[in-house]
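Text of the file entry_37.csv, holding CSV, C-alpha atoms:
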chain,number,residue,atom,x,y,z
Q,1,MET,CA,74.5,136.3,118.9
Q,2,ARG,CA,76.3,138.0,116.0
Q,3,SER,CA,78.3,135.6,113.8
Q,4,GLY,CA,81.4,136.2,111.8
Q,5,LEU,CA,79.2,135.3,108.8
Q,6,THR,CA,76.6,138.0,109.4
Q,7,GLY,CA,75.9,139.8,106.2
Q,8,ARG,CA,78.6,137.9,104.3
Q,9,HIS,CA,77.9,136.6,100.8
Q,10,VAL,CA,79.2,133.0,100.4
Q,11,ALA,CA,79.1,131.2,97.1
Q,12,VAL,CA,78.0,127.5,97.4
Q,13,THR,CA,79.2,125.6,94.4
Q,14,ARG,CA,77.8,122.1,95.2
Q,15,PRO,CA,75.4,120.4,92.8
Q,16,ALA,CA,72.0,121.9,93.2
Q,17,ALA,CA,70.5,118.9,95.0
Q,18,GLN,CA,73.3,118.8,97.5
Q,19,ALA,CA,73.5,122.5,98.3
Q,20,GLY,CA,70.6,122.9,100.6
Q,21,SER,CA,72.0,121.8,104.0
Q,22,LEU,CA,75.1,124.1,103.7
Q,23,CYS,CA,73.0,127.0,102.4
Q,24,ASP,CA,70.6,126.6,105.4
Q,25,ALA,CA,73.6,126.5,107.8
Q,26,ILE,CA,75.0,129.7,106.3
Q,27,VAL,CA,71.6,131.4,106.7
Q,28,SER,CA,71.3,130.2,110.3
Q,29,ARG,CA,74.6,132.0,111.0
Q,30,GLY,CA,73.5,135.2,109.4
Q,31,GLY,CA,75.2,134.8,106.1
Q,32,VAL,CA,73.9,135.0,102.6
Q,33,PRO,CA,74.4,131.9,100.5
Q,34,VAL,CA,74.9,132.4,96.8
Q,35,ARG,CA,74.0,129.3,94.9
Q,36,PHE,CA,76.3,128.7,91.9
Q,37,PRO,CA,76.5,124.9,91.1
Q,38,VAL,CA,79.6,124.2,89.2
Q,39,LEU,CA,78.7,120.5,88.6
Q,40,GLY,CA,75.4,118.9,87.6
Q,41,ILE,CA,74.5,115.3,88.4
Q,42,ALA,CA,72.3,113.2,86.1
Q,43,ALA,CA,71.4,109.5,85.6
Q,44,ILE,CA,73.3,107.5,83.1
Q,45,ASP,CA,71.7,106.5,79.8
Q,46,ASP,CA,73.1,103.0,79.7
Q,47,THR,CA,72.2,101.0,82.9
Q,48,THR,CA,73.6,97.7,81.6
Q,49,ALA,CA,76.4,97.5,84.2
Q,50,LEU,CA,74.0,98.4,87.1
Q,51,GLU,CA,71.6,95.7,86.0
Q,52,ALA,CA,74.4,93.2,85.7
Q,53,ILE,CA,75.9,93.9,89.1
Q,54,SER,CA,72.3,93.6,90.6
Q,55,ASP,CA,72.1,90.1,89.3
Q,56,ARG,CA,75.5,89.2,90.8
Q,57,LEU,CA,75.2,91.0,94.1
Q,58,ASP,CA,75.2,87.8,96.1
Q,59,ASP,CA,78.8,87.3,95.0
Q,60,VAL,CA,79.9,90.7,96.2
Q,61,ASP,CA,81.7,90.8,99.5
Q,62,LEU,CA,82.0,94.6,99.9
Q,63,ALA,CA,80.1,97.4,98.2
Q,64,PHE,CA,81.6,100.9,98.4
Q,65,PHE,CA,79.6,104.0,97.6
Q,66,VAL,CA,81.8,107.1,96.8
Q,67,SER,CA,79.2,109.8,97.5
Q,68,PRO,CA,75.5,110.5,98.2
Q,69,ASN,CA,74.9,110.6,94.5
Q,70,ALA,CA,76.3,107.1,94.1
Q,71,VAL,CA,74.1,105.9,96.9
Q,72,GLN,CA,71.0,107.5,95.4
Q,73,HIS,CA,71.5,106.4,91.8
Q,74,ALA,CA,72.9,102.9,92.5
Q,75,LEU,CA,70.4,101.8,95.2
Q,76,THR,CA,67.4,103.2,93.4
Q,77,ALA,CA,68.3,101.0,90.4
Q,78,ILE,CA,69.3,97.9,92.4
Q,79,LEU,CA,66.5,97.9,95.0
Q,80,ALA,CA,63.9,98.2,92.2
Q,81,ARG,CA,65.1,94.9,91.0
Q,82,ARG,CA,66.0,92.9,94.1
Q,83,SER,CA,66.6,93.1,97.9
Q,84,TRP,CA,70.1,93.7,99.3
Q,85,PRO,CA,71.8,90.4,100.3
Q,86,ALA,CA,72.7,90.2,104.0
Q,87,ARG,CA,76.2,89.0,103.3
Q,88,THR,CA,77.3,92.0,101.2
Q,89,VAL,CA,78.9,94.6,103.5
Q,90,VAL,CA,78.1,98.3,102.7
Q,91,ALA,CA,80.8,100.9,103.1
Q,92,THR,CA,81.2,104.6,102.3
Q,93,VAL,CA,83.0,107.8,103.3
Q,94,GLY,CA,81.5,111.1,104.6
Q,95,LYS,CA,78.5,111.9,106.8
Q,96,GLY,CA,76.3,112.8,103.8
Q,97,SER,CA,76.8,109.4,102.3
Q,98,GLU,CA,76.1,107.7,105.6
Q,99,ARG,CA,72.8,109.7,105.8
Q,100,ALA,CA,71.9,108.8,102.3
Q,101,LEU,CA,72.4,105.1,103.1
Q,102,ALA,CA,70.3,105.4,106.3
Q,103,GLU,CA,67.5,106.7,104.1
Q,104,PHE,CA,67.6,103.5,102.2
Q,105,GLY,CA,67.4,101.5,105.5
Q,106,PHE,CA,71.1,100.7,106.0
Q,107,SER,CA,71.9,101.0,109.7
Q,108,SER,CA,75.2,99.1,109.7
Q,109,VAL,CA,77.7,100.9,107.4
Q,110,VAL,CA,81.5,100.7,107.4
Q,111,ALA,CA,82.8,104.3,107.3
Q,112,PRO,CA,85.7,106.2,108.9
Q,113,ALA,CA,84.8,108.2,112.0
Q,114,SER,CA,87.2,110.9,110.9
Q,115,GLY,CA,88.8,111.7,107.6
Q,116,PHE,CA,86.7,112.1,104.4
Q,117,ASP,CA,88.9,110.6,101.6
Q,118,SER,CA,90.2,107.3,100.2
Q,119,GLU,CA,93.2,107.4,102.5
Q,120,ALA,CA,90.9,107.3,105.6
Q,121,VAL,CA,88.9,104.4,104.1
Q,122,LEU,CA,92.0,102.4,103.4
Q,123,ASP,CA,93.0,102.7,107.1
Q,124,LEU,CA,89.8,101.0,108.3
Q,125,PRO,CA,90.2,97.4,109.5
Q,126,GLU,CA,87.7,96.1,106.9
Q,127,PHE,CA,90.0,97.4,104.1
Q,128,ARG,CA,93.3,96.0,105.3
Q,129,PRO,CA,95.1,93.4,103.3
Q,130,GLU,CA,94.1,90.5,105.5
Q,131,ALA,CA,90.5,91.5,105.3
Q,132,VAL,CA,90.2,92.1,101.5
Q,133,ASP,CA,92.5,89.5,100.1
Q,134,GLY,CA,90.5,87.4,97.6
Q,135,LYS,CA,87.3,89.4,98.2
Q,136,LEU,CA,85.2,91.0,95.5
Q,137,VAL,CA,84.8,94.7,96.1
Q,138,VAL,CA,82.5,96.8,93.9
Q,139,ILE,CA,82.9,100.6,93.9
Q,140,PHE,CA,79.8,102.5,92.9
Q,141,ARG,CA,80.8,106.0,91.5
Q,142,GLY,CA,80.2,108.6,88.9
Q,143,ASP,CA,81.9,108.7,85.5
Q,144,GLY,CA,85.5,109.0,86.3
Q,145,GLY,CA,87.0,109.9,89.7
Q,146,ARG,CA,90.0,109.0,91.8
Q,147,ASP,CA,91.3,105.4,91.3
Q,148,LEU,CA,93.5,105.3,94.5
Q,149,LEU,CA,91.0,103.1,96.4
Q,150,GLY,CA,90.6,100.5,93.7
Q,151,ILE,CA,94.4,100.5,92.9
Q,152,THR,CA,95.3,100.0,96.5
Q,153,LEU,CA,92.7,97.3,97.1
Q,154,ARG,CA,94.0,95.3,94.1
Q,155,GLU,CA,97.5,95.6,95.5
Q,156,ARG,CA,96.1,94.1,98.7
Q,157,GLY,CA,94.7,91.1,96.9
Q,158,ALA,CA,91.1,92.2,96.3
Q,159,ARG,CA,89.2,91.7,93.1
Q,160,VAL,CA,87.8,95.2,92.3
Q,161,GLU,CA,85.1,96.3,89.9
Q,162,TYR,CA,83.9,99.8,89.2
Q,163,VAL,CA,80.2,100.5,88.4
Q,164,THR,CA,79.3,103.9,87.0
Q,165,CYS,CA,75.9,104.9,88.3
Q,166,TYR,CA,75.6,108.6,87.5
Q,167,ARG,CA,77.3,111.2,85.3
Q,168,ARG,CA,78.6,114.7,85.9
Q,169,PHE,CA,78.2,117.7,83.6
Q,170,GLN,CA,78.9,121.4,83.6
Q,171,PRO,CA,75.7,123.3,84.2
Q,172,ALA,CA,74.5,126.1,82.0
Q,173,GLU,CA,74.5,128.5,84.9
Q,174,ASP,CA,74.7,132.2,84.3
Q,175,PRO,CA,77.8,133.5,86.1
Q,176,ALA,CA,76.7,137.2,85.8
Q,177,PRO,CA,75.1,137.5,89.3
Q,178,LEU,CA,78.1,135.9,90.9
Q,179,LEU,CA,80.5,138.1,89.0
Q,180,ASP,CA,78.5,141.2,89.7
Q,181,LEU,CA,78.9,140.6,93.5
Q,182,ALA,CA,82.6,140.1,93.0
Q,183,HIS,CA,83.0,143.3,90.9
Q,184,ARG,CA,81.2,145.2,93.7
Q,185,GLY,CA,83.5,143.7,96.4
Q,186,ALA,CA,80.4,142.0,97.9
Q,187,LEU,CA,81.4,138.4,97.3
Q,188,ASP,CA,83.1,137.4,100.5
Q,189,ALA,CA,84.0,133.7,100.0
Q,190,ILE,CA,83.6,130.8,97.6
Q,191,THR,CA,83.3,127.2,98.9
Q,192,LEU,CA,84.7,124.5,96.7
Q,193,THR,CA,84.2,120.9,97.7
Q,194,SER,CA,85.6,118.9,94.8
Q,195,SER,CA,88.7,119.1,92.7
Q,196,GLU,CA,86.6,118.7,89.5
Q,197,GLY,CA,84.5,121.6,90.6
Q,198,VAL,CA,87.5,123.9,90.6
Q,199,GLY,CA,88.1,123.3,86.9
Q,200,SER,CA,84.5,123.7,86.1
Q,201,LEU,CA,84.2,127.0,88.0
Q,202,VAL,CA,87.2,128.4,86.0
Q,203,ALA,CA,85.6,127.2,82.7
Q,204,MET,CA,82.2,128.6,83.5
Q,205,VAL,CA,83.4,132.1,84.4
Q,206,GLY,CA,86.0,132.4,81.7
Q,207,ALA,CA,89.2,134.5,81.8
Q,208,ASP,CA,87.5,137.8,82.5
Q,209,GLY,CA,85.5,136.2,85.3
Q,210,MET,CA,88.6,134.8,86.9
Q,211,GLU,CA,90.1,138.3,87.1
Q,212,ALA,CA,87.1,139.2,89.2
Q,213,LEU,CA,87.2,136.1,91.4
Q,214,ARG,CA,91.0,135.6,91.7
Q,215,SER,CA,91.2,137.5,95.0
Q,216,VAL,CA,88.0,136.1,96.6
Q,217,PRO,CA,89.0,133.7,99.4
Q,218,ILE,CA,88.4,130.1,98.5
Q,219,PHE,CA,87.5,127.6,101.3
Q,220,ALA,CA,88.3,124.0,100.5
Q,221,PRO,CA,87.9,121.0,102.9
Q,222,HIS,CA,90.8,118.9,101.5
Q,223,PRO,CA,94.4,119.5,100.7
Q,224,ARG,CA,93.9,118.1,97.1
Q,225,ILE,CA,91.1,120.6,96.4
Q,226,ALA,CA,93.1,123.5,97.9
Q,227,ALA,CA,96.0,122.6,95.7
Q,228,HIS,CA,93.8,122.6,92.6
Q,229,ALA,CA,92.4,126.0,93.6
Q,230,ARG,CA,95.9,127.5,94.0
Q,231,ALA,CA,97.0,125.9,90.7
Q,232,ALA,CA,94.0,127.5,89.0
Q,233,GLY,CA,95.2,131.0,90.1
Q,234,PHE,CA,93.2,131.8,93.2
Q,235,LEU,CA,95.3,133.9,95.5
Q,236,SER,CA,93.7,133.2,98.8
Q,237,VAL,CA,92.9,129.6,99.6
Q,238,VAL,CA,91.9,128.4,103.0
Q,239,GLU,CA,92.1,124.7,103.8
Q,240,THR,CA,89.3,123.9,106.2
Q,241,PRO,CA,88.6,120.9,108.5
Q,242,PRO,CA,86.5,118.2,106.7
Q,243,GLY,CA,82.7,118.3,106.9
Q,244,ASP,CA,80.2,121.1,106.8
Q,245,GLU,CA,80.8,122.0,110.4
Q,246,GLY,CA,84.6,122.4,109.8
Q,247,LEU,CA,83.9,124.5,106.7
Q,248,LEU,CA,81.5,126.8,108.6
Q,249,GLN,CA,83.8,127.2,111.5
Q,250,ALA,CA,86.6,128.2,109.2
Q,251,LEU,CA,84.4,130.7,107.5
Q,252,GLU,CA,83.4,132.3,110.8
Q,253,SER,CA,86.9,132.4,112.0
Q,254,HIS,CA,88.2,134.0,108.8
Q,255,PHE,CA,85.8,137.0,109.2

For the file at hand, write its structure as structure tokens.
Amino acid sequence: MRSGLTGRHVAVTRPAAQAGSLCDAIVSRGGVPVRFPVLGIAAIDDTTALEAISDRLDDVDLAFFVSPNAVQHALTAILARRSWPARTVVATVGKGSERALAEFGFSSVVAPASGFDSEAVLDLPEFRPEAVDGKLVVIFRGDGGRDLLGITLRERGARVEYVTCYRRFQPAEDPAPLLDLAHRGALDAITLTSSEGVGSLVAMVGADGMEALRSVPIFAPHPRIAAHARAAGFLSVVETPPGDEGLLQALESHF
């Protein structure tokens, strides 16, 4: 069956290690994924904080992992030192993070069934004021990121600690192939799945590159990312449902 993506070139800007499943899904629908990672992920040099929280993990009531990268980097370090305590509840957001936790053997994970942001997490019963008041919550994340979850949990009476377990960087990716497609009118869409990635893309292609990309439709799975894309100067921004399936359906519908 012919898909709306048949023959369409779609830029996938996720970090290289996380791009595979979306690229495969685009291929399965007849599209042509164009890999252009706008963020790189690497281990941190100083693991002191990770080691310290490993030693205190029995005191942690709730451990929240912000992404698959947080799961991979934090648990690789922690489980090399010790087993996970039964009393420490594990929570996350997003199907990718749930799958990553399952790979480490976590079958009972607190996560929203729908919604893929901090707001959806904060609506869960396990994060309401009566549930977190006085509890120690540790948030495993990369260097930086949104603070809404931690700020709100503190307002609800929780004790919150952040632990940085990986770092982001701007890859040394050559934008020439991407821009060549755009100049030829053959780049049909760009997927952007993080607000930070929007800024990184703009920096990587430069002012001349932005002129070539400005009219290419941007597909973003969250209002915040879409707003960043519009503010960066992209003229056609499509806000998609969350998750890969929602993104793919929006791409197919667009064409």

For each of Q:Ala11, Q:Ala16, Q:Ile218, Q:Ala182, take the minimum atom-to-atom distance to Q:Val237, counting all atoms listed in the file, then give the residue where this is smallest.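 Residue with the minimum atom-to-atom distance to Q:Val237: Q:Ile218.
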
Identify which of the residues Q:Pro175, Q:Pro85, Q:Gly233, Q:Gly246 lies closest to Q:Phe36, counting only C-alpha atoms when measuring atom-to-atom distances. Q:Pro175

For stretch 5-8 of chain Q, list every protein, DNA or RNA residue within 12 Å, evaluated using all atoms listed in the file, and leave out those in the same chain fewer than 3 positions away; present the list as number ranges by chain. Q: 1-2, 11, 25-34, 181, 185-190, 247-255

Which residue of Q:Val71, Q:Val205, Q:Ile44, Q:Ala49 approaches Q:Gln170 most closely, using all atoms listed in the file: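 Of all the options, Q:Val205 lies closest to Q:Gln170.
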
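The coordinates place atom CA of Q:Ala120 at 17.4 Å from atom CA of Q:Pro68.
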
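Among the candidate residues Q:His183, Q:His73, Q:Arg167, Q:Arg156, the one lying nearest to Q:Met210 is Q:His183, with distances computed using all atoms listed in the file.
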
Counting all atoms listed in the file, which residue out of Q:Pro171, Q:Gly157, Q:Gly243, Q:Gly150 sits closest to Q:Leu122?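 Of Q:Pro171, Q:Gly157, Q:Gly243, Q:Gly150, the one nearest Q:Leu122 is Q:Gly150, counting all atoms listed in the file.
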
Quick one: distance from atom CA of Q:Arg230 to atom CA of Q:Gly197 in Å, one decimal?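 Here the two named atoms are 13.3 Å from each other.
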
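Residue nearest Q:Ala176 within the list Q:Val160, Q:Ser114, Q:Val238, Q:Met204: Q:Met204 [criterion: smallest interatomic distance, only C-alpha atoms].
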
For the atom pair atom CA of Q:Pro242 and atom CA of Q:Ala74, what is the interatomic distance in Å to one decimal place?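 Interatomic distance here is 24.9 Å.
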
Because some atoms of stretch 33-61 of chain Q are absent here, can you restore N, CA and C atoms and send them as a tab-separated table (two decimals), in the coordinates of the input?
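Written file, selection26.tsv:
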chain	number	residue	atom	x	y	z
Q	33	PRO	N	73.86	132.84	101.46
Q	33	PRO	CA	74.40	131.90	100.50
Q	33	PRO	C	74.10	132.31	99.06
Q	34	VAL	N	75.08	132.14	98.21
Q	34	VAL	CA	74.90	132.40	96.80
Q	34	VAL	C	75.08	131.14	96.04
Q	35	ARG	N	73.98	130.59	95.58
Q	35	ARG	CA	74.00	129.30	94.90
Q	35	ARG	C	74.60	129.43	93.51
Q	36	PHE	N	75.69	128.70	93.26
Q	36	PHE	CA	76.30	128.70	91.90
Q	36	PHE	C	76.85	127.27	91.69
Q	37	PRO	N	75.98	126.33	91.34
Q	37	PRO	CA	76.50	124.90	91.10
Q	37	PRO	C	77.42	124.86	89.97
Q	38	VAL	N	78.59	124.29	90.22
Q	38	VAL	CA	79.60	124.20	89.20
Q	38	VAL	C	79.62	122.75	88.56
Q	39	LEU	N	78.84	121.85	89.15
Q	39	LEU	CA	78.70	120.50	88.60
Q	39	LEU	C	77.21	120.12	88.64
Q	40	GLY	N	76.77	119.45	87.59
Q	40	GLY	CA	75.40	118.90	87.60
Q	40	GLY	C	75.53	117.38	87.66
Q	41	ILE	N	74.50	116.76	88.20
Q	41	ILE	CA	74.50	115.30	88.40
Q	41	ILE	C	73.23	114.78	87.63
Q	42	ALA	N	73.42	113.73	86.84
Q	42	ALA	CA	72.30	113.20	86.10
Q	42	ALA	C	72.44	111.65	86.03
Q	43	ALA	N	71.33	110.99	85.79
Q	43	ALA	CA	71.40	109.50	85.60
Q	43	ALA	C	72.08	109.17	84.33
Q	44	ILE	N	72.66	107.99	84.31
Q	44	ILE	CA	73.30	107.50	83.10
Q	44	ILE	C	72.28	106.94	82.14
Q	45	ASP	N	72.59	107.00	80.85
Q	45	ASP	CA	71.70	106.50	79.80
Q	45	ASP	C	71.72	104.95	79.76
Q	46	ASP	N	72.94	104.41	79.87
Q	46	ASP	CA	73.10	103.00	79.70
Q	46	ASP	C	73.25	102.35	81.13
Q	47	THR	N	72.24	101.62	81.56
Q	47	THR	CA	72.20	101.00	82.90
Q	47	THR	C	72.61	99.54	82.87
Q	48	THR	N	73.22	99.10	81.78
Q	48	THR	CA	73.60	97.70	81.60
Q	48	THR	C	74.44	97.19	82.79
Q	49	ALA	N	75.46	97.97	83.15
Q	49	ALA	CA	76.40	97.50	84.20
Q	49	ALA	C	75.68	97.48	85.56
Q	50	LEU	N	74.80	98.44	85.82
Q	50	LEU	CA	74.00	98.40	87.10
Q	50	LEU	C	73.14	97.19	87.15
Q	51	GLU	N	72.51	96.87	86.05
Q	51	GLU	CA	71.60	95.70	86.00
Q	51	GLU	C	72.43	94.42	86.21
Q	52	ALA	N	73.61	94.38	85.58
Q	52	ALA	CA	74.40	93.20	85.70
Q	52	ALA	C	74.93	92.95	87.10
Q	53	ILE	N	75.36	94.03	87.77
Q	53	ILE	CA	75.90	93.90	89.10
Q	53	ILE	C	74.71	93.52	90.08
Q	54	SER	N	73.52	93.99	89.77
Q	54	SER	CA	72.30	93.60	90.60
Q	54	SER	C	72.15	92.11	90.57
Q	55	ASP	N	72.32	91.52	89.41
Q	55	ASP	CA	72.10	90.10	89.30
Q	55	ASP	C	73.21	89.27	89.96
Q	56	ARG	N	74.40	89.90	90.15
Q	56	ARG	CA	75.50	89.20	90.80
Q	56	ARG	C	75.81	89.65	92.19
Q	57	LEU	N	74.92	90.39	92.77
Q	57	LEU	CA	75.20	91.00	94.10
Q	57	LEU	C	75.47	90.03	95.18
Q	58	ASP	N	74.91	88.82	95.07
Q	58	ASP	CA	75.20	87.80	96.10
Q	58	ASP	C	76.62	87.39	96.15
Q	59	ASP	N	77.37	87.64	95.08
Q	59	ASP	CA	78.80	87.30	95.00
Q	59	ASP	C	79.69	88.40	95.53
Q	60	VAL	N	79.12	89.57	95.75
Q	60	VAL	CA	79.90	90.70	96.20
Q	60	VAL	C	80.13	90.72	97.67
Q	61	ASP	N	81.39	90.82	98.07
Q	61	ASP	CA	81.70	90.80	99.50
Q	61	ASP	C	81.57	92.20	100.13
